[in-house]
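Undergrad: I'd like to ask you about the structure that follows.
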Amino acid sequence: MKSSGSYRSVHWITDRSIAVAVAMLIFVVPQMVVGSDVDFRRDIRPILSDKCFQCHGPDAERESDLRLDLAESVLAQRDGVAAVVPHDVQRSLLYQRITSEDVDDRMPPVDSGKSLTPHEIDLLRQWIEQGAEWAGHWSFEKLSSPEIPPGDTDWSRNTIDRFVSQRLSEAGLTPSPAVDRRTFIRRLSFDLLGLPPMPSDVDAFVCDERPDAVERLVDRYLSSPAFGERWGRVWLDLARYTDTTAEWLNSTGQAWLYRDWVVRAMNEDMPYDHFVRLQLAADAMPDVAIEDLPALGFLGLSPTYWKELRLSPDVIKRVVADEWDERIDTVSRTFLGLTVSCARCHDHKFDPISSEDYYALAGVFASSQFADRPLLPEAEAKHVMQAREQVHELEAQRDKLKRDDTEGRQAIEQQIAEIRKSTLHFDAVSAHVMQDSSIYVVADGPDLTKLEYREGEARDLPKFERGNPASDGPVVERRFLTALSSEEPRRLQHGSGRLDLADALFSEARGLTARVIVNRIWEQHFGKGLVRTPSDFGSQGDPPSHPELLDHLAAELIRHDWSLKRLHREIVLSSTYRQSSVADGEGQAVDPANRLLWRMNRRRLEVEMLRDAMLAATEQLDRCQGGPAFDLQDTSQRRRTLYGQIARRDLDRVLRLFDFPEPTSHAPHRVQTTTPLQQLFLLNAPFVQQQAESLALSVSNIASEQEFVRACYRQLFHRDPDEAELAEGVAFLSTEGDRIATSTDYVHALLGLNEFLYID
Amino acid sequence: MTGHRDFDQLAVQSRRSMLRALGGGMGSVALADVLASDSNVVAAELSHVRHRAKRVIQLFMNGGPFQCDLFDPKPLLEKYAGQRPPAADLRTERKTAGLMPSPFRFEPRGESGVPVSELLPHLSTCIDDICVLRSVHTENPNHGPALLLMNNGTILPTRPSMGAWMSYGLGTENQSLPSYVVLCPGRPVRFSILWTSSFLPAEHQGTYINHSETAPEKLIPFLRNETRSVEAQRRQLDLMSRLNQRHLEQRADDQQLEGRIRSMETAFRMQFAATEAFDLNQESKSVREEYGESHFSNGCLLARRLVERGVRFVQVYYGNGQPWDTHNKHNESARKLCLDADRPMAALLKDLKRRGLLDDTLVVWGGEFGRTPTTEITEGAGSGRDHNHHGFTMWMAGGGVRGGMTYGETDDFGFKAVENPVPLPDLHATILHLLGLDHERLTYRYAGRDFRLTDVSGRVLDEIIA
């Protein structure tokens, strides 16, 4: 064996047993605190969930009577024996089985690949000896009203800080120092606006000696129209927003109306509950303004899958069921952080979500169809929709005519022209909306299939056995999830049930709904969520690093009428948020993943921020808001990247290079990669070169190279260069050759620096 | 100045104090390495065991091919056709019905006489170089999780991929190309998480290339700069490198910043190296013909060109989505897929051999799982096969593996691995071993724990090593 001293980074541990024991010890204790008491949620439930629920979990078809996800079942006597007898490992069958010498008797079965580690067995033993205390899965519990801990009162600015500093001091850590004002304004500006600060704003902020300078800046940013552009995009990732829908839909809807609605809602600080209700059920709500109808694009722009009507109804039923599944997946993950679509074929293996729950929700989507709604008062809109339907039918007739039937063709064209002419607002802009209408897949003769729509009618679906639409089980009435209902689940019975569903999110499920959105916003500000699986709050998800803080913020959100801007304000005004992002010292040794928030996480600009920052830095950015999307390949375009076209099946290559999420399904968050291909974009893309050139030209009248370098640093980095940077710049610029080309090369290099790409 | 007293307090730590922060992950040490050697090879030449393989090509039949059509003949399927004897009553993702025989004939091939299906006439001529693993099994019959298990060793999307571990353990042989390249004419399910570096340094992640177009500048967007000379660009890079280094020094150890610095250098060199490496037109007509013309042919040929140039690990995904996922009309699809895949696979093995590369290049073939010998009943009126994770075939060739042998057996119906079963950690351990890496010692300290690809298990399959 050869081992080189310079590769200390590879940690050898030759004694395998130690390695395993150490690894396990750390692994099952995601939080830093290793106390003497076993905590059910922290220590025990994850073991049961990972190693036992597969066969002893919520799935009604599990192999055993025993359920290890329910206290009743765990403690119940079966033939005089109970799985767990508190304080008594000897009489606890569970413990006997997991420690059995007999391989055939041992649980989990040896061939399941789920064998328990010695440490896990020990934790279970301790748990039983300490009384086998039980607790439900954290995210399904009602919001607690945690006491605000004392925390570090000198450091704390608000309650967030008290929760955070309390945990830090328990772990023997101290917060990182606060950043300077230049770093702060850049961080805040990207966070709230998705844009770099204007150089003049930086100077003004740095010199602002008023005691509330920071609050003023935060409030100014929160009321900037750019705020909605930045935070609207965050929402659009969850909503798998696309500018183009499938061509076979022949839709006349304008997707951007939904995008612009989201931006406006964010800017107006529309209460989150109202924001969600409109997106699920604006068509069913009383007194909804016409401008709010595009909210339905959340569902109205859902992906559709091709239904080849020459195939049998059973095949098409599955395609249609796949679409419902996509809606359930997006709705449950976006709003509830639950993976309900796992229950399509069988009860959820890990979370208390049954197949019945699944089909109870699927009925809602089986009763809702897409529509293109002209943004007109209802009566006029109906009229236009009818006229369009007629035209659509005529066009279909026309297309069936023989090629040489010019006469027939002309006659139909004539009719179409008349309808268009006689219908006022025929070409009115239309939004992608939803309407109550149920779909049925039926045979159309022996060889074909057709889709039947029953407008205004809802339908309850049968439970499809094993997810197979050809094998109907009993019909399940539309209703909300059982696990989130304290009583009989709410029936989703008005129309399709979408509005009832939205109501349920904000009554029986509101604790979870609030936690999920709080965590998403937290994640955007810190780079990581308190829960690191933002769309899975189930038992396979990550438990929160600061459960009390999460509950506190969720309760505060509800108490303040679901105002998201208030939550943003609270977060960015905290001392926690002001910390430096430098990762070293004690914190790095104890908590390298920064779960305890002893520092800020350094983040890379997202692709929108990167392109926008280049345009802003060179003062090319066109701040005009809203309207149809532009083609991102067109390098003459100067609008914010938010307005670039998102094509669901053909994502723009630059978006793709920089980790833009696939708009084919809900994206919990962006996964960041660093690849040479990204750097090729920065080195070679004509767009980047153009930006460099335009900045070089705009400061080219500056006489000295030193001044040129200073101007560039102020414009791009909001600071003066230090001596070395100045010298580097001057040396680079003082070469023979075309001056514009050299200065363009210089600016181009600066645009590619880490300092430009990362937020400290 | 009361409102912001605590601003402006951030003292820049000296480099020495940063480097003192040992034990907090390897970042600080890596920084030292970077500063000392200016090398992007974090752990090159790392070698725990005597080894043969220096690089790996994985031909990934995403979707999951059916083992009994190709390498694992099961005559009893005929006898029990339509029936569901207890041994065939295994649970998979969807419900399946009775056994459905494979219509494809087998012959013993090569000197070794290992049976190969008529679907693979070309590949069967290479069988003496191939070790057929008939008893691979995994834990999950869903594509996403199974792809993650095969690539990342776990269903958690938070661990480094096998290719990232290889790159981390071995570094690159060619500083001008990424050490780990993923080729797919489209996108496999779960996409970039399958080649993530996760907590390993970012430069070890796979570089994904959609090779549905083959002109180098189309394969790789922005590969060339239309207006700047190479010299002008080099000057820019040098400036950036110095300024980035200062920036890094002021920010302690940051994997992402370091990774990006190196990534920028790789990008610069890639412009020239990649243009050449990805240019299939440089191949002779006879070689092009031998491989064929399909996307997969091009993928195999590109893989050879890349490993020849020192890329450590090239994964060739067969196609977009999950082309081998034959829930419907399985036999027709299998015939079509094999017709396309057979020729380039054989061409690749022969080509590597001719060039003397097969000795130290390991070729791994397989899907994320196999398929059921029973019929799928939810779709396609009983013409399809469901996912089967209980037992399936993979093969390896070259790189120190014994050819012309089979290892392990499935049951009478080819459903479940029963003899010498090979769980994925064993497969991973063996691949790493062939590369000279001890899977128990290729670890990385993260969040207080030493992580490894095989987690807590894995056995090297000594029986298949030449």
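Residues in the structure tokens are numbered from 1 in each chain, the chains being A, B, ... in the order shown, and ligands are numbered from 1 in the order shown.
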Per DSSP on the backbone, filter range 269-494 of chain A down to the residues in alpha helix (DSSP H) and report them as a VMD selection string.
TA: chain A and resid 272 to 281 297 to 300 313 to 331 355 to 366 378 to 400 406 to 422
Undergrad: Counting only C-alpha atoms, what is within 12 Å of Val136 in chain B, bar same-chain residues fewer than 6 positions away, as a ChimeraX atom specification?
TA: /B:67,72,150,365-370,388-395,406-410,414-428,461
Undergrad: Go ahead and save the residues from that selection, with N, CA and C atoms, as a JSON list (two decimals), in the first residue's frame.
TA:
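The file below, selection-v8.json, is the result:
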```json
[["chain", "number", "residue", "atom", "x", "y", "z"],
["B", 67, "GLN", "N", -32.76, -9.79, -17.57],
["B", 67, "GLN", "CA", -31.61, -10.69, -17.49],
["B", 67, "GLN", "C", -31.79, -11.98, -18.31],
["B", 72, "ASP", "N", -28.91, -14.95, -18.87],
["B", 72, "ASP", "CA", -29.30, -15.85, -17.79],
["B", 72, "ASP", "C", -30.45, -16.75, -18.26],
["B", 150, "MET", "N", -27.56, 2.56, -7.41],
["B", 150, "MET", "CA", -26.51, 2.12, -8.32],
["B", 150, "MET", "C", -25.40, 3.17, -8.40],
["B", 365, "TRP", "N", -21.41, -3.06, -17.36],
["B", 365, "TRP", "CA", -22.67, -2.97, -18.08],
["B", 365, "TRP", "C", -23.84, -3.36, -17.17],
["B", 366, "GLY", "N", -24.96, -2.66, -17.31],
["B", 366, "GLY", "CA", -26.17, -3.07, -16.58],
["B", 366, "GLY", "C", -27.15, -1.93, -16.44],
["B", 367, "GLY", "N", -28.32, -2.26, -15.93],
["B", 367, "GLY", "CA", -29.33, -1.24, -15.66],
["B", 367, "GLY", "C", -29.36, -0.95, -14.17],
["B", 368, "GLU", "N", -30.38, -0.19, -13.75],
["B", 368, "GLU", "CA", -30.51, 0.07, -12.31],
["B", 368, "GLU", "C", -31.14, -1.13, -11.61],
["B", 369, "PHE", "N", -31.78, -2.00, -12.39],
["B", 369, "PHE", "CA", -32.27, -3.29, -11.91],
["B", 369, "PHE", "C", -32.61, -4.11, -13.14],
["B", 370, "GLY", "N", -33.17, -5.31, -12.94],
["B", 370, "GLY", "CA", -33.57, -6.13, -14.08],
["B", 370, "GLY", "C", -35.08, -6.09, -14.23],
["B", 388, "ASN", "N", -37.40, -5.53, -11.59],
["B", 388, "ASN", "CA", -37.02, -6.60, -10.68],
["B", 388, "ASN", "C", -35.68, -6.29, -10.03],
["B", 389, "HIS", "N", -35.77, -6.03, -8.74],
["B", 389, "HIS", "CA", -34.55, -5.72, -7.99],
["B", 389, "HIS", "C", -34.02, -6.93, -7.25],
["B", 390, "HIS", "N", -34.79, -8.04, -7.27],
["B", 390, "HIS", "CA", -34.40, -9.22, -6.49],
["B", 390, "HIS", "C", -33.19, -9.93, -7.07],
["B", 391, "GLY", "N", -33.03, -9.87, -8.36],
["B", 391, "GLY", "CA", -31.89, -10.54, -8.97],
["B", 391, "GLY", "C", -31.79, -10.14, -10.43],
["B", 392, "PHE", "N", -30.63, -9.72, -10.85],
["B", 392, "PHE", "CA", -30.48, -9.33, -12.26],
["B", 392, "PHE", "C", -29.01, -9.41, -12.65],
["B", 393, "THR", "N", -28.78, -9.27, -13.96],
["B", 393, "THR", "CA", -27.43, -9.46, -14.49],
["B", 393, "THR", "C", -26.74, -8.13, -14.75],
["B", 394, "MET", "N", -25.48, -8.11, -14.39],
["B", 394, "MET", "CA", -24.61, -7.05, -14.88],
["B", 394, "MET", "C", -23.36, -7.76, -15.42],
["B", 395, "TRP", "N", -22.59, -7.10, -16.22],
["B", 395, "TRP", "CA", -21.32, -7.71, -16.59],
["B", 395, "TRP", "C", -20.18, -6.71, -16.49],
["B", 406, "THR", "N", -19.15, -16.88, -15.46],
["B", 406, "THR", "CA", -20.35, -16.33, -14.84],
["B", 406, "THR", "C", -20.14, -16.43, -13.35],
["B", 407, "TYR", "N", -20.78, -15.54, -12.63],
["B", 407, "TYR", "CA", -20.68, -15.56, -11.17],
["B", 407, "TYR", "C", -22.08, -15.41, -10.62],
["B", 408, "GLY", "N", -22.42, -16.30, -9.68],
["B", 408, "GLY", "CA", -23.73, -16.21, -9.02],
["B", 408, "GLY", "C", -24.84, -16.76, -9.89],
["B", 409, "GLU", "N", -25.93, -17.11, -9.24],
["B", 409, "GLU", "CA", -27.08, -17.63, -9.97],
["B", 409, "GLU", "C", -28.37, -17.03, -9.41],
["B", 410, "THR", "N", -29.33, -16.92, -10.28],
["B", 410, "THR", "CA", -30.68, -16.61, -9.82],
["B", 410, "THR", "C", -31.43, -17.94, -9.68],
["B", 414, "GLY", "N", -35.13, -17.09, -12.76],
["B", 414, "GLY", "CA", -34.38, -15.86, -13.00],
["B", 414, "GLY", "C", -34.94, -14.67, -12.26],
["B", 415, "PHE", "N", -35.62, -14.94, -11.13],
["B", 415, "PHE", "CA", -36.30, -13.85, -10.42],
["B", 415, "PHE", "C", -35.41, -13.28, -9.32],
["B", 416, "LYS", "N", -34.83, -14.20, -8.55],
["B", 416, "LYS", "CA", -34.15, -13.76, -7.34],
["B", 416, "LYS", "C", -32.75, -14.35, -7.29],
["B", 417, "ALA", "N", -31.80, -13.55, -6.82],
["B", 417, "ALA", "CA", -30.43, -14.05, -6.68],
["B", 417, "ALA", "C", -30.41, -15.07, -5.55],
["B", 418, "VAL", "N", -29.94, -16.28, -5.84],
["B", 418, "VAL", "CA", -29.93, -17.30, -4.79],
["B", 418, "VAL", "C", -28.53, -17.83, -4.49],
["B", 419, "GLU", "N", -27.66, -17.81, -5.50],
["B", 419, "GLU", "CA", -26.33, -18.33, -5.25],
["B", 419, "GLU", "C", -25.32, -17.19, -5.41],
["B", 420, "ASN", "N", -24.42, -17.06, -4.45],
["B", 420, "ASN", "CA", -23.46, -15.97, -4.46],
["B", 420, "ASN", "C", -24.10, -14.62, -4.80],
["B", 421, "PRO", "N", -25.11, -14.25, -4.05],
["B", 421, "PRO", "CA", -25.75, -12.97, -4.38],
["B", 421, "PRO", "C", -24.77, -11.80, -4.26],
["B", 422, "VAL", "N", -24.92, -10.85, -5.14],
["B", 422, "VAL", "CA", -24.05, -9.67, -5.16],
["B", 422, "VAL", "C", -24.86, -8.42, -4.85],
["B", 423, "PRO", "N", -24.86, -7.99, -3.60],
["B", 423, "PRO", "CA", -25.53, -6.71, -3.30],
["B", 423, "PRO", "C", -24.69, -5.56, -3.87],
["B", 424, "LEU", "N", -25.33, -4.43, -4.09],
["B", 424, "LEU", "CA", -24.61, -3.32, -4.74],
["B", 424, "LEU", "C", -23.35, -2.88, -4.01],
["B", 425, "PRO", "N", -23.34, -2.86, -2.69],
["B", 425, "PRO", "CA", -22.07, -2.46, -2.05],
["B", 425, "PRO", "C", -20.91, -3.39, -2.44],
["B", 426, "ASP", "N", -21.21, -4.66, -2.68],
["B", 426, "ASP", "CA", -20.14, -5.58, -3.13],
["B", 426, "ASP", "C", -19.66, -5.18, -4.52],
["B", 427, "LEU", "N", -20.62, -4.83, -5.36],
["B", 427, "LEU", "CA", -20.26, -4.40, -6.71],
["B", 427, "LEU", "C", -19.38, -3.15, -6.63],
["B", 428, "HIS", "N", -19.82, -2.19, -5.81],
["B", 428, "HIS", "CA", -19.04, -0.95, -5.67],
["B", 428, "HIS", "C", -17.66, -1.23, -5.10],
["B", 461, "LEU", "N", -15.36, -8.96, -4.56],
["B", 461, "LEU", "CA", -15.61, -10.26, -5.17],
["B", 461, "LEU", "C", -14.29, -10.82, -5.72]]
```
Undergrad: Within 9 Å of range 73-97 of chain B, which residues of range 140-257 of chain B come that close, and what is the closest atom pair and distance in Å for each? Count only C-alpha atoms and give it as JSON lines.
TA:
```
{"residue": "B:Asn140", "atom": "CA", "partner": "B:Glu93", "partner_atom": "CA", "distance": 8.5}
{"residue": "B:Pro141", "atom": "CA", "partner": "B:Glu93", "partner_atom": "CA", "distance": 5.6}
{"residue": "B:Asn142", "atom": "CA", "partner": "B:Glu93", "partner_atom": "CA", "distance": 6.7}
```
Undergrad: Please identify all polymer residues within 8 Å of Arg259 in chain A, counting only C-alpha atoms, omitting same-chain residues fewer than 6 positions from it, and present them as a list in words.
TA: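 What passes the distance filter is Gly232, Leu236 and Tyr241 of chain A.
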Undergrad: Separation of CA of Glu133 in chain A and CA of Ala71 in chain A, in Å?
TA: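 These atoms are spaced 9.2 Å apart.
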